[in-house]
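Novice: Here you go, query_18.csv (CSV, C-alpha atoms):
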chain,number,residue,atom,x,y,z
A,30,MET,CA,-61.5,-47.4,-26.1
A,31,ASP,CA,-59.1,-48.9,-23.5
A,32,ILE,CA,-55.8,-47.1,-22.7
A,33,TYR,CA,-52.6,-49.0,-22.3
A,34,ILE,CA,-49.6,-47.2,-20.6
A,35,HIS,CA,-46.0,-48.2,-20.6
A,36,GLN,CA,-43.8,-46.1,-18.3
A,37,HIS,CA,-40.3,-46.4,-16.9
A,38,GLY,CA,-40.2,-49.5,-14.7
A,39,LYS,CA,-38.4,-48.3,-11.6
A,40,ILE,CA,-40.7,-48.0,-8.6
A,41,GLY,CA,-39.6,-44.3,-8.1
A,42,ASP,CA,-40.7,-43.4,-11.6
A,43,VAL,CA,-44.0,-45.2,-11.2
A,44,ILE,CA,-44.7,-43.3,-7.9
A,45,LEU,CA,-43.6,-40.0,-9.6
A,46,CYS,CA,-46.2,-40.6,-12.4
A,47,ASN,CA,-49.0,-41.3,-9.9
A,48,GLY,CA,-50.4,-37.8,-10.2
A,49,LEU,CA,-50.0,-37.8,-14.0
A,50,VAL,CA,-51.9,-41.1,-14.4
A,51,ARG,CA,-54.7,-39.9,-12.1
A,52,TYR,CA,-54.9,-36.6,-14.0
A,53,LEU,CA,-55.2,-38.4,-17.3
A,54,LEU,CA,-57.8,-40.7,-15.8
A,55,LYS,CA,-59.9,-37.8,-14.5
A,56,LYS,CA,-59.4,-35.2,-17.2
A,57,LYS,CA,-58.7,-37.0,-20.4
A,58,PHE,CA,-59.9,-40.6,-20.1
A,59,ARG,CA,-63.0,-40.2,-17.9
A,60,ASN,CA,-64.8,-43.3,-19.2
A,61,ASN,CA,-61.9,-45.5,-20.1
A,62,LYS,CA,-60.1,-48.3,-18.3
A,63,ILE,CA,-56.3,-47.7,-18.0
A,64,TYR,CA,-54.0,-50.7,-18.2
A,65,ILE,CA,-50.5,-50.1,-16.8
A,66,PHE,CA,-47.5,-52.4,-17.6
A,67,CYS,CA,-45.3,-52.9,-14.5
A,68,ARG,CA,-42.5,-55.0,-13.2
A,69,SER,CA,-43.7,-58.1,-11.3
A,70,ARG,CA,-41.2,-57.2,-8.5
A,71,HIS,CA,-43.1,-54.0,-7.9
A,72,LEU,CA,-46.6,-55.4,-8.5
A,73,LYS,CA,-47.6,-55.5,-4.8
A,74,ALA,CA,-46.6,-51.8,-4.2
A,75,ILE,CA,-48.2,-50.5,-7.4
A,76,LYS,CA,-51.4,-52.5,-6.7
A,77,PHE,CA,-51.4,-51.0,-3.2
A,78,MET,CA,-51.0,-47.4,-4.6
A,79,TYR,CA,-53.9,-47.7,-7.1
A,80,ARG,CA,-56.1,-50.0,-5.1
A,81,ASP,CA,-58.7,-47.2,-4.7
A,82,GLN,CA,-59.2,-46.8,-8.4
A,83,LYS,CA,-61.1,-49.7,-10.1
A,84,ARG,CA,-60.5,-48.3,-13.6
A,85,ILE,CA,-56.8,-48.9,-13.3
A,86,LYS,CA,-55.6,-52.4,-14.2
A,87,LEU,CA,-52.1,-53.7,-14.0
A,88,ILE,CA,-50.2,-56.0,-16.5
A,89,PRO,CA,-47.1,-57.5,-14.9
A,90,PHE,CA,-44.1,-58.3,-17.1
A,91,ASN,CA,-43.4,-61.6,-15.3
A,92,GLU,CA,-39.7,-60.8,-15.6
A,93,ASN,CA,-37.1,-63.1,-14.1
A,94,PRO,CA,-36.3,-61.7,-10.6
A,95,LYS,CA,-32.7,-62.5,-11.1
A,96,LEU,CA,-32.5,-60.1,-14.0
A,97,LYS,CA,-31.0,-57.0,-12.3
A,98,ASP,CA,-29.2,-55.2,-15.2
A,99,GLU,CA,-31.3,-52.0,-15.7
A,100,LYS,CA,-30.5,-51.7,-19.5
A,101,LEU,CA,-31.4,-55.3,-20.1
A,102,LEU,CA,-34.6,-55.0,-18.0
A,103,ALA,CA,-35.7,-51.9,-19.9
A,104,LYS,CA,-35.0,-53.6,-23.3
A,105,TYR,CA,-36.9,-56.7,-22.1
A,106,GLU,CA,-39.9,-54.6,-21.0
A,107,VAL,CA,-40.0,-52.7,-24.4
A,108,ASN,CA,-40.0,-56.0,-26.3
A,109,LYS,CA,-42.6,-57.6,-24.0
A,110,THR,CA,-44.8,-54.6,-24.2
A,111,GLU,CA,-44.7,-54.5,-28.0
A,112,ASN,CA,-45.5,-58.2,-28.3
A,113,ILE,CA,-48.5,-57.8,-26.0
A,114,ILE,CA,-49.8,-54.7,-27.7
A,115,GLN,CA,-49.6,-56.2,-31.1
A,116,LYS,CA,-51.7,-59.2,-30.0
A,117,ILE,CA,-54.3,-56.9,-28.4
A,118,LYS,CA,-54.5,-54.7,-31.5
A,119,LEU,CA,-55.6,-57.8,-33.5
A,120,LYS,CA,-58.7,-58.0,-31.3
A,121,LYS,CA,-59.7,-54.4,-30.6
A,122,LYS,CA,-58.8,-50.7,-31.0
A,123,ILE,CA,-56.7,-49.3,-28.2
A,124,ASN,CA,-54.8,-46.1,-27.3
A,125,PHE,CA,-51.2,-47.0,-26.5
A,126,ILE,CA,-49.2,-44.4,-24.5
A,127,ARG,CA,-45.5,-44.5,-23.7
A,128,ILE,CA,-44.4,-42.2,-20.8
A,129,GLY,CA,-40.8,-41.3,-21.4
A,130,PHE,CA,-38.6,-43.7,-23.5
A,131,GLU,CA,-38.3,-42.3,-27.0
A,132,ASN,CA,-40.3,-39.3,-25.9
A,133,TYR,CA,-38.0,-38.5,-23.0
A,134,HIS,CA,-35.1,-36.6,-24.7
A,135,LYS,CA,-37.5,-35.1,-27.3
A,136,THR,CA,-39.4,-33.5,-24.4
A,137,LYS,CA,-36.4,-32.6,-22.4
A,138,GLU,CA,-35.0,-30.6,-25.4
A,139,LEU,CA,-38.1,-28.4,-25.3
A,140,ASN,CA,-36.6,-26.7,-22.2
A,141,PRO,CA,-35.3,-23.3,-23.5
A,142,ASP,CA,-32.9,-23.0,-20.5
A,143,LYS,CA,-30.0,-25.3,-21.3
A,144,ASP,CA,-28.1,-24.2,-18.2
A,145,PHE,CA,-30.8,-25.7,-15.9
A,146,PRO,CA,-32.2,-28.9,-17.6
A,147,TRP,CA,-35.5,-30.3,-16.4
A,148,PRO,CA,-35.3,-33.2,-14.0
A,149,CYS,CA,-37.1,-36.3,-15.0
A,150,ASP,CA,-39.9,-35.3,-12.6
A,151,ILE,CA,-40.9,-32.4,-14.9
A,152,VAL,CA,-40.1,-34.2,-18.2
A,153,PHE,CA,-42.8,-36.9,-17.7
A,154,TYR,CA,-45.5,-34.2,-17.1
A,155,LYS,CA,-44.3,-31.9,-19.8
A,156,GLN,CA,-44.7,-34.7,-22.3
A,157,PHE,CA,-48.5,-34.4,-21.9
A,158,ASN,CA,-48.5,-30.6,-21.2
A,159,VAL,CA,-49.9,-31.4,-17.7
A,160,PRO,CA,-49.0,-28.6,-15.2
A,161,PHE,CA,-46.4,-29.9,-12.9
A,162,LYS,CA,-48.4,-28.8,-9.8
A,163,TYR,CA,-50.6,-31.9,-10.4
A,164,ARG,CA,-47.6,-34.1,-9.5
A,165,PHE,CA,-48.4,-33.1,-6.0
A,166,LEU,CA,-52.1,-32.2,-6.1
A,167,ASN,CA,-53.2,-35.4,-7.7
A,168,SER,CA,-50.7,-37.8,-6.2
A,169,TYR,CA,-52.6,-40.2,-3.8
A,170,TRP,CA,-52.6,-43.5,-2.2
A,171,LYS,CA,-54.9,-44.7,0.6
A,172,ARG,CA,-52.7,-45.1,3.6
A,173,ASP,CA,-52.6,-48.2,5.7
A,174,ARG,CA,-52.3,-46.6,9.2
A,175,LYS,CA,-52.3,-50.0,11.0
A,176,ASN,CA,-49.4,-51.4,9.1
A,177,GLU,CA,-47.5,-48.1,9.2
A,178,ARG,CA,-47.7,-48.2,13.0
A,179,LYS,CA,-46.7,-51.9,13.0
A,180,LEU,CA,-43.6,-51.1,10.9
A,181,PHE,CA,-42.8,-48.1,13.2
A,182,ARG,CA,-42.8,-50.4,16.2
A,183,LYS,CA,-40.6,-52.9,14.4
A,184,LEU,CA,-37.9,-50.5,13.2
A,185,VAL,CA,-38.1,-47.6,15.7
A,186,GLY,CA,-39.5,-49.3,18.8
A,187,ASN,CA,-40.1,-47.1,21.8
A,188,TYR,CA,-40.0,-43.6,20.4
A,189,GLN,CA,-36.8,-41.7,20.6
A,190,PRO,CA,-35.5,-39.0,18.2
A,191,TYR,CA,-34.1,-40.6,15.1
A,192,ALA,CA,-32.8,-39.9,11.6
A,193,PHE,CA,-34.0,-42.0,8.6
A,194,ILE,CA,-31.5,-43.1,6.0
A,195,HIS,CA,-32.2,-44.6,2.6
A,196,ASP,CA,-29.2,-46.0,0.8
A,197,ASP,CA,-28.5,-49.3,-0.9
A,198,LYS,CA,-25.7,-51.4,0.4
A,199,ASP,CA,-26.3,-54.0,-2.3
A,200,ARG,CA,-25.3,-51.5,-4.9
A,201,ASN,CA,-22.5,-49.9,-2.8
A,202,LEU,CA,-24.6,-46.7,-2.5
A,203,ILE,CA,-23.9,-45.9,1.2
A,204,ILE,CA,-24.6,-42.6,2.8
A,205,ASP,CA,-21.8,-41.2,4.9
A,206,GLU,CA,-23.1,-40.6,8.4
A,207,LYS,CA,-21.0,-37.5,9.1
A,208,ASN,CA,-23.9,-35.1,8.2
A,209,ILE,CA,-26.2,-36.8,10.7
A,210,ASN,CA,-26.8,-35.4,14.1
A,211,PRO,CA,-24.9,-37.9,16.4
A,212,ASP,CA,-27.6,-37.6,19.1
A,213,LEU,CA,-30.1,-39.2,16.8
A,214,LYS,CA,-30.8,-42.9,16.5
A,215,ILE,CA,-30.4,-44.2,12.9
A,216,ILE,CA,-33.2,-46.0,11.2
A,217,ARG,CA,-32.5,-47.5,7.8
A,218,ASN,CA,-34.8,-48.7,5.0
A,219,ASP,CA,-35.7,-52.3,4.8
A,220,ASN,CA,-36.3,-53.5,1.2
A,221,LYS,CA,-38.5,-56.4,2.4
A,222,GLU,CA,-41.1,-53.9,3.6
A,223,LEU,CA,-43.8,-52.2,1.4
A,224,ILE,CA,-42.4,-48.7,0.8
A,225,PHE,CA,-45.7,-46.9,1.5
A,226,ASN,CA,-45.7,-48.3,5.0
A,227,PHE,CA,-42.7,-46.1,5.8
A,228,SER,CA,-44.9,-43.0,5.7
A,229,LEU,CA,-45.3,-42.7,9.5
A,230,ILE,CA,-41.6,-43.3,10.1
A,231,LEU,CA,-40.8,-40.6,7.6
A,232,GLU,CA,-43.2,-38.1,9.0
A,233,ARG,CA,-41.9,-38.5,12.6
A,234,ALA,CA,-38.2,-38.4,11.8
A,235,LYS,CA,-36.0,-35.5,13.0
A,236,GLU,CA,-33.8,-35.8,9.9
A,237,ILE,CA,-34.1,-37.6,6.6
A,238,HIS,CA,-31.1,-38.5,4.6
A,239,ILE,CA,-31.7,-40.1,1.2
A,240,MET,CA,-30.3,-40.6,-2.3
A,241,GLU,CA,-32.4,-39.9,-5.4
A,242,SER,CA,-34.8,-42.8,-5.1
A,243,SER,CA,-38.4,-44.0,-4.6
A,244,PHE,CA,-38.3,-42.6,-1.1
A,245,ARG,CA,-37.9,-39.0,-2.4
A,246,GLN,CA,-41.0,-39.6,-4.5
A,247,ILE,CA,-43.2,-40.5,-1.5
A,248,ILE,CA,-41.7,-37.8,0.7
A,249,GLU,CA,-42.8,-35.2,-1.8
A,250,VAL,CA,-46.4,-35.6,-0.7
A,251,LEU,CA,-45.9,-36.3,3.0
A,252,ASN,CA,-46.0,-33.8,5.9
A,253,THR,CA,-42.3,-33.0,6.5
A,254,ASP,CA,-42.6,-29.4,7.7
A,255,ASN,CA,-40.5,-29.8,10.8
A,256,ILE,CA,-37.9,-32.3,9.4
A,257,LYS,CA,-34.4,-31.5,8.1
A,258,LEU,CA,-34.2,-33.0,4.7
A,259,TYR,CA,-30.9,-34.1,3.1
A,260,LEU,CA,-30.8,-35.2,-0.5
A,261,TYR,CA,-27.5,-36.8,-1.8
A,262,LYS,CA,-27.0,-36.1,-5.5
A,263,SER,CA,-23.7,-37.8,-6.4
A,264,ARG,CA,-24.9,-40.9,-8.3
A,265,GLY,CA,-24.4,-39.3,-11.7
A,266,GLY,CA,-26.6,-39.2,-14.8
A,267,GLU,CA,-30.2,-38.0,-14.5
A,268,HIS,CA,-29.9,-38.5,-10.7
A,269,SER,CA,-27.6,-35.5,-10.5
A,270,VAL,CA,-29.8,-33.0,-12.3
A,271,GLU,CA,-30.2,-29.8,-10.2
A,272,LEU,CA,-33.5,-29.3,-8.3
A,273,PHE,CA,-32.8,-25.7,-7.5
A,274,ASN,CA,-32.7,-23.2,-10.4
A,275,ARG,CA,-30.1,-20.6,-9.2
A,276,LYS,CA,-31.1,-18.3,-12.1
A,277,LYS,CA,-34.8,-18.2,-11.1
A,278,LYS,CA,-33.9,-18.7,-7.4
A,279,LYS,CA,-36.6,-21.4,-6.9
A,280,TRP,CA,-36.9,-25.1,-6.5
A,281,ILE,CA,-38.1,-27.1,-9.6
A,282,GLY,CA,-39.2,-30.7,-9.7
A,283,THR,CA,-39.8,-30.8,-6.0
A,284,SER,CA,-42.2,-29.5,-3.4
A,285,LYS,CA,-39.6,-29.5,-0.6
A,286,LYS,CA,-36.6,-27.4,0.3
A,287,TRP,CA,-33.7,-29.9,0.5
A,288,ASN,CA,-30.2,-29.6,1.9
A,289,ILE,CA,-28.4,-30.8,-1.2
A,290,VAL,CA,-25.2,-32.9,-0.6
A,291,LYS,CA,-23.2,-33.6,-3.7
A,292,LYS,CA,-20.7,-35.9,-2.1
A,293,ASN,CA,-20.7,-38.4,0.8
A,294,ILE,CA,-22.2,-41.4,-0.9
A,295,ASP,CA,-19.6,-44.1,-0.8
A,296,LEU,CA,-19.7,-45.6,-4.3
A,297,ASN,CA,-16.9,-48.1,-3.3
A,298,LYS,CA,-15.0,-47.2,-6.4
A,299,LYS,CA,-11.9,-49.1,-5.4
A,300,LYS,CA,-9.5,-50.1,-8.2
A,301,LYS,CA,-10.5,-53.4,-9.6
A,302,ASN,CA,-7.9,-56.2,-9.9
A,303,PHE,CA,-7.9,-59.0,-12.4
A,304,ILE,CA,-10.2,-61.2,-10.3
A,305,ASP,CA,-12.7,-58.4,-9.9
A,306,HIS,CA,-12.7,-57.9,-13.6
A,307,ILE,CA,-13.3,-61.6,-14.3
A,308,ILE,CA,-16.2,-61.6,-11.7
A,309,PHE,CA,-17.7,-58.6,-13.5
A,310,LEU,CA,-17.5,-60.2,-16.9
A,311,VAL,CA,-19.1,-63.4,-15.6
A,312,SER,CA,-21.9,-61.4,-14.0
A,313,ARG,CA,-22.6,-59.5,-17.2
A,314,LEU,CA,-22.6,-62.8,-19.2
A,315,ASN,CA,-25.0,-64.3,-16.6
A,316,GLN,CA,-27.3,-61.3,-16.9
A,317,LYS,CA,-27.4,-61.6,-20.7
A,318,ILE,CA,-28.2,-65.3,-20.5
A,319,ILE,CA,-31.0,-64.7,-18.1
A,320,TYR,CA,-32.3,-61.9,-20.4
A,321,ARG,CA,-32.3,-64.3,-23.4
A,322,LEU,CA,-34.0,-67.1,-21.6
A,323,ASN,CA,-36.7,-64.8,-20.4
A,324,LEU,CA,-37.7,-63.5,-23.9
Could you render the structure from this file as structure tokens?

Specialist:
Amino acid sequence: MDIYIHQHGKIGDVILCNGLVRYLLKKKFRNNKIYIFCRSRHLKAIKFMYRDQKRIKLIPFNENPKLKDEKLLAKYEVNKTENIIQKIKLKKKINFIRIGFENYHKTKELNPDKDFPWPCDIVFYKQFNVPFKYRFLNSYWKRDRKNERKLFRKLVGNYQPYAFIHDDKDRNLIIDEKNINPDLKIIRNDNKELIFNFSLILERAKEIHIMESSFRQIIEVLNTDNIKLYLYKSRGGEHSVELFNRKKKKWIGTSKKWNIVKKNIDLNKKKKNFIDHIIFLVSRLNQKIIYRLNL
């Protein structure tokens, strides 16, 4: 029986579940093919990540690249998945699994310690009663050393001590540089590049400054023993859930010891005037139109 998996579509969530999917493939579905739904915009990266495993197949959503609204994207993906699954069920028996979604808060509520909620990292693994250590032990991608070096030469050039920053100017998520050693050259992420090819740049940095993102998920399994790690946790929502349990005095949901910064991401929350409000409403309407046309 083939296995079909629908998981949260952001690339960080997909990387986070790398160890989970590989655990299920090895321990639970040893003779099955696993089909994973994914956003077309992340297809190249996910295909790269699982290219060593022939039993993993990808089903892209073919979503409109102009559809940016996360809630509408998730709604589109759920509807698209349901339609595809119903058609497949007419032809054969399958095992359909959803990681998160309606299971997310049900699983999160199982945590008896309400003062320190589980981050999403743990919730996804708890849903399947998979020990969280496999997040790190099973997480794997075959590294492309040649392209890692090529990207290093492009962004870093001749080696000099540097700090790596991952923020997102397009969404006004900009890391304040005041916590960065002024003697270090600053290297920023480039969204046009395959995220996994940043591995060498990350492992050779003196400091890493990132928001909660896909970059944290790959850093979790890289060699960063001699690097100062800074994680900026001021985005709100699930992104702000604590990774250090003060009661138990230990890190949860991470393999690293981070310097947590709860401020210093410029969210550009200036007061919106009438024109800004109109632009926002037009943008929302445009996103809804794109969503409807893509159904």

Novice: Between A:Lys109, A:Arg245, A:Arg172, A:Lys155, which one has atoms that come closest to Ile40 (chain A), using all atoms listed in the file?

Specialist: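 Among the listed residues, the smallest separation from Ile40 (chain A) belongs to A:Arg245.
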
Novice: Region 162-198 of chain A near region 148-154 of chain A within 10 Å: what's each residue's closest atom pair and its distance in Å to one decimal, counting all atoms listed in the file, ordered by chain then ascending residue number, as a Markdown table?

Specialist:
| residue | atom | partner | partner_atom | distance |
| --- | --- | --- | --- | --- |
| A:Lys162 | CA | A:Tyr154 | CA | 9.5 |
| A:Tyr163 | CA | A:Tyr154 | CA | 8.7 |
| A:Arg164 | CA | A:Tyr154 | CA | 7.9 |

Novice: Skip region 286-291 of chain A itself and residues of its chain fewer than 3 positions away, then list as a list in words all residues within 8 Å of it, counting only C-alpha atoms.

Specialist: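 Close residues of region 286-291 of chain A: Lys257, Leu258, Tyr259, Leu260, Tyr261, Lys262, Ser263, Trp280 and Thr283 of chain A.
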
Novice: Kindly provide, as a list in words, the polymer residues lying within 12 Å of (-46.9, -51.9, 11.4), counting only C-alpha atoms and using the coordinates exactly as they appear in the file.

Specialist: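 Residues with an atom at most 12 Å from (-46.9, -51.9, 11.4): Arg172, Asp173, Arg174, Lys175, Asn176, Glu177, Arg178, Lys179, Leu180, Phe181, Arg182, Lys183, Leu184, Val185, Gly186, Glu222, Leu223, Ile224, Phe225, Asn226, Phe227, Ser228, Leu229 and Ile230 of chain A.
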
Novice: Would you please work out which residue, of A:His37, A:Lys122, A:Lys277, A:His195, is nearest to Ile237 (chain A) when using all atoms listed in the file?

Specialist: A:His195

Novice: Identify which of the residues A:Gln189, A:Asn112, A:Ser269, A:Gln82 lies closest to Lys235 (chain A), counting only C-alpha atoms when measuring atom-to-atom distances.

Specialist: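 Of A:Gln189, A:Asn112, A:Ser269, A:Gln82, the one nearest Lys235 (chain A), counting only C-alpha atoms, is A:Gln189.
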